[in-house]
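Asker: The structure under discussion is supplied below as structure tokens; questions concerning it will follow.
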Amino acid sequence: LFYGQNSLSVCLSKENHGVFEGDGVDITNRAWDRAQDLGITPNSNGEIIVPMGEQVGVSGGSLGKGAPLSRVRIIVEPGTNNVITSMPY
């Protein structure tokens, strides 16, 4: 599995992106399990957005304001469960 490295720390070359607070791999795994518990499945583009019920990251990047983020966006290869990347959302 590949988890987005840019979601593990602030990347100032991007205007805005989510940055995990804590272990991004663990948070992604918890989000995956929660999506299954909630019956959330990937859309046709392979995107899953999972409400976590708690802060999992902050808004980062050159324009990021550090706002709290409580959802995880997971991208899979469409039609599979192969995770491409994930990020707080």
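Residue numbering restarts at 1 for every chain of the structure tokens, chains are lettered A, B, ... in their displayed order, and ligands are numbered from 1 as they appear.
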Please provide as a tab-separated table (two decimals) with all heavy atoms, in the first residue's frame all residues within 8 Å of stretch 76-78 of chain A, with the sequence filter that same-chain residues fewer than 6 positions apart are discarded (counting only C-alpha atoms).
Answerer:
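After the write, around_21.tsv holds the following:
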chain	number	residue	atom	x	y	z
A	42	PRO	N	-16.26	2.83	-2.31
A	42	PRO	CA	-15.66	3.80	-3.25
A	42	PRO	C	-16.64	4.20	-4.35
A	42	PRO	O	-17.44	3.38	-4.82
A	42	PRO	CB	-14.47	3.02	-3.85
A	42	PRO	CG	-14.20	1.92	-2.89
A	42	PRO	CD	-15.51	1.57	-2.27
A	44	SER	N	-17.16	5.79	-8.35
A	44	SER	CA	-16.61	5.29	-9.63
A	44	SER	C	-15.19	5.75	-9.88
A	44	SER	O	-14.47	5.15	-10.68
A	44	SER	CB	-17.51	5.71	-10.79
A	44	SER	OG	-17.57	7.13	-10.88
A	45	ASN	N	-14.75	6.80	-9.18
A	45	ASN	CA	-13.37	7.28	-9.31
A	45	ASN	C	-12.44	6.66	-8.28
A	45	ASN	O	-11.27	7.02	-8.21
A	45	ASN	CB	-13.32	8.81	-9.16
A	45	ASN	CG	-14.04	9.50	-10.29
A	45	ASN	OD1	-13.99	9.06	-11.44
A	45	ASN	ND2	-14.74	10.57	-9.97
A	46	GLY	N	-12.98	5.77	-7.44
A	46	GLY	CA	-12.16	5.13	-6.42
A	46	GLY	C	-11.99	5.96	-5.16
A	46	GLY	O	-11.09	5.72	-4.37
A	47	GLU	N	-12.87	6.92	-4.94
A	47	GLU	CA	-12.75	7.81	-3.79
A	47	GLU	C	-13.72	7.41	-2.69
A	47	GLU	O	-14.89	7.12	-2.94
A	47	GLU	CB	-13.05	9.25	-4.22
A	47	GLU	CG	-13.02	10.24	-3.09
A	47	GLU	CD	-13.43	11.63	-3.54
A	47	GLU	OE1	-14.56	11.80	-4.02
A	47	GLU	OE2	-12.61	12.54	-3.42
A	84	ILE	N	-4.31	3.73	-3.04
A	84	ILE	CA	-3.28	4.52	-3.72
A	84	ILE	C	-2.73	5.57	-2.76
A	84	ILE	O	-1.53	5.74	-2.61
A	84	ILE	CB	-3.85	5.21	-4.98
A	84	ILE	CG1	-4.29	4.14	-6.00
A	84	ILE	CG2	-2.82	6.17	-5.58
A	84	ILE	CD1	-5.06	4.71	-7.16
A	85	THR	N	-3.64	6.29	-2.09
A	85	THR	CA	-3.23	7.34	-1.17
A	85	THR	C	-4.38	7.66	-0.23
A	85	THR	O	-5.51	7.22	-0.45
A	85	THR	CB	-2.77	8.60	-1.94
A	85	THR	OG1	-2.12	9.50	-1.05
A	85	THR	CG2	-3.92	9.29	-2.65
Asker: Mind the document's chain letters and residue numbers, and return as a list in words the residues of chain A that DSSP labels helix (DSSP H, G or I).
Answerer: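 Written out, the helix (DSSP H, G or I) residues of chain A are Gln5, Asn6, Ser7, Gly24, Val25, Asp26, Ile27, Thr28, Asn29, Arg30, Ala31, Trp32, Asp33, Arg34, Ala35, Gln36, Asp37 and Leu38 of chain A.
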Asker: So that I have them on file, write out the residues from the current selection with N, CA and C atoms, as a tab-separated table (two decimals), in the first residue's frame.
Answerer:
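Wrote it out as out18.tsv, contents follow:
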chain	number	residue	atom	x	y	z
A	5	GLN	N	2.82	10.57	1.03
A	5	GLN	CA	3.86	11.16	1.87
A	5	GLN	C	3.59	12.64	2.15
A	6	ASN	N	2.97	13.34	1.21
A	6	ASN	CA	2.71	14.76	1.43
A	6	ASN	C	1.65	14.99	2.49
A	7	SER	N	0.93	13.95	2.89
A	7	SER	CA	-0.09	14.09	3.93
A	7	SER	C	0.48	13.84	5.32
A	24	GLY	N	-0.32	8.50	10.16
A	24	GLY	CA	-1.19	8.51	8.99
A	24	GLY	C	-1.61	7.13	8.54
A	25	VAL	N	-0.73	6.14	8.67
A	25	VAL	CA	-1.06	4.77	8.28
A	25	VAL	C	-2.11	4.21	9.23
A	26	ASP	N	-1.93	4.42	10.52
A	26	ASP	CA	-2.91	3.94	11.49
A	26	ASP	C	-4.26	4.61	11.28
A	27	ILE	N	-4.26	5.92	11.07
A	27	ILE	CA	-5.52	6.65	10.85
A	27	ILE	C	-6.20	6.15	9.59
A	28	THR	N	-5.43	5.90	8.53
A	28	THR	CA	-6.01	5.37	7.30
A	28	THR	C	-6.61	3.99	7.51
A	29	ASN	N	-5.92	3.15	8.25
A	29	ASN	CA	-6.46	1.82	8.53
A	29	ASN	C	-7.74	1.91	9.35
A	30	ARG	N	-7.78	2.81	10.33
A	30	ARG	CA	-9.00	3.00	11.12
A	30	ARG	C	-10.13	3.54	10.25
A	31	ALA	N	-9.79	4.45	9.33
A	31	ALA	CA	-10.80	5.00	8.41
A	31	ALA	C	-11.34	3.91	7.49
A	32	TRP	N	-10.47	3.04	7.02
A	32	TRP	CA	-10.90	1.94	6.15
A	32	TRP	C	-11.89	1.04	6.90
A	33	ASP	N	-11.54	0.69	8.14
A	33	ASP	CA	-12.42	-0.15	8.95
A	33	ASP	C	-13.75	0.56	9.21
A	34	ARG	N	-13.69	1.85	9.50
A	34	ARG	CA	-14.92	2.62	9.76
A	34	ARG	C	-15.78	2.70	8.51
A	35	ALA	N	-15.17	2.88	7.35
A	35	ALA	CA	-15.94	2.91	6.10
A	35	ALA	C	-16.69	1.60	5.92
A	36	GLN	N	-16.02	0.49	6.19
A	36	GLN	CA	-16.69	-0.81	6.07
A	36	GLN	C	-17.83	-0.92	7.08
A	37	ASP	N	-17.61	-0.47	8.32
A	37	ASP	CA	-18.66	-0.52	9.35
A	37	ASP	C	-19.86	0.34	8.95
A	38	LEU	N	-19.60	1.48	8.30
A	38	LEU	CA	-20.66	2.40	7.91
A	38	LEU	C	-21.26	2.07	6.54
Asker: Would you list, as a list in words, the residues of chain A that end up in strand (DSSP E or B) under DSSP run on this structure's backbone?
Answerer: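 Assigned to strand (DSSP E or B), within chain A: His17, Gly18, Val19, Phe20, Glu47, Ile48, Ile49, Val50, Pro51, Gly57, Val58, Ser59, Gly60, Pro68, Leu69, Arg71, Val72, Arg73, Ile74, Ile75, Val76, Val83, Ile84, Thr85, Ser86, Met87 and Pro88 of chain A.
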Asker: Would you mind telling me which residue in A:Arg71, A:Gly61, A:Asn16, A:Val83 lies nearest to A:Ile49 when using only C-alpha atoms?
Answerer: A:Arg71
Asker: Counting only C-alpha atoms, what is within 7 Å of A:Ile48, bar same-chain residues fewer than 3 positions away, as a ChimeraX atom specification?
Answerer: /A:41-43,73-75
Asker: I need the residues from that last selection saved to file as a compact mmCIF listing (two decimals), in the first residue's frame (with N, CA and C atoms), if you can.
Answerer:
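Written out: out_9.txt:
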# COMPACT_ATOMS: atom_id res chain seq x y z
N THR A 41 -18.68 2.80 0.40
CA THR A 41 -17.89 2.14 -0.64
C THR A 41 -17.31 3.18 -1.60
N PRO A 42 -16.26 2.83 -2.31
CA PRO A 42 -15.66 3.80 -3.25
C PRO A 42 -16.64 4.20 -4.35
N ASN A 43 -16.56 5.46 -4.77
CA ASN A 43 -17.34 5.89 -5.92
C ASN A 43 -16.65 5.40 -7.19
N ARG A 73 -9.98 11.08 3.36
CA ARG A 73 -10.24 10.78 1.94
C ARG A 73 -9.26 9.68 1.55
N ILE A 74 -9.81 8.57 1.09
CA ILE A 74 -9.00 7.44 0.64
C ILE A 74 -9.25 7.26 -0.84
N ILE A 75 -8.18 7.11 -1.60
CA ILE A 75 -8.28 6.84 -3.04
C ILE A 75 -7.78 5.43 -3.29
Asker: Closest to A:Phe20 among A:Gly79, A:Val58, A:Lys65, A:Gly39, using only C-alpha atoms?
Answerer: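 Of A:Gly79, A:Val58, A:Lys65, A:Gly39, the one nearest A:Phe20, counting only C-alpha atoms, is A:Val58.
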Asker: For atom CA of A:His17 and atom CA of A:Thr80, determine how far apart the two atoms are, in Å to one decimal place.
Answerer: 25.0 Å
Asker: What does the distance between atom CA of A:Glu21 and atom CA of A:Asn82 come to in Å, to one decimal place?
Answerer: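 About the pair atom CA of A:Glu21 and atom CA of A:Asn82: they are 23.3 Å apart.
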Asker: Given only C-alpha atoms as the basis, pick out the residue of A:Gly18, A:Leu69, A:Ser86, A:Asp23 nearest to A:Met52.
Answerer: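 For A:Met52, the nearest of the given residues is A:Leu69.
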Asker: As an exercise, work out the distance from atom CA of A:Pro51 to atom CA of A:Gly66 in Å and give it to one decimal place.
Answerer: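 Value for the atom CA of A:Pro51-atom CA of A:Gly66 distance: 18.5 Å.
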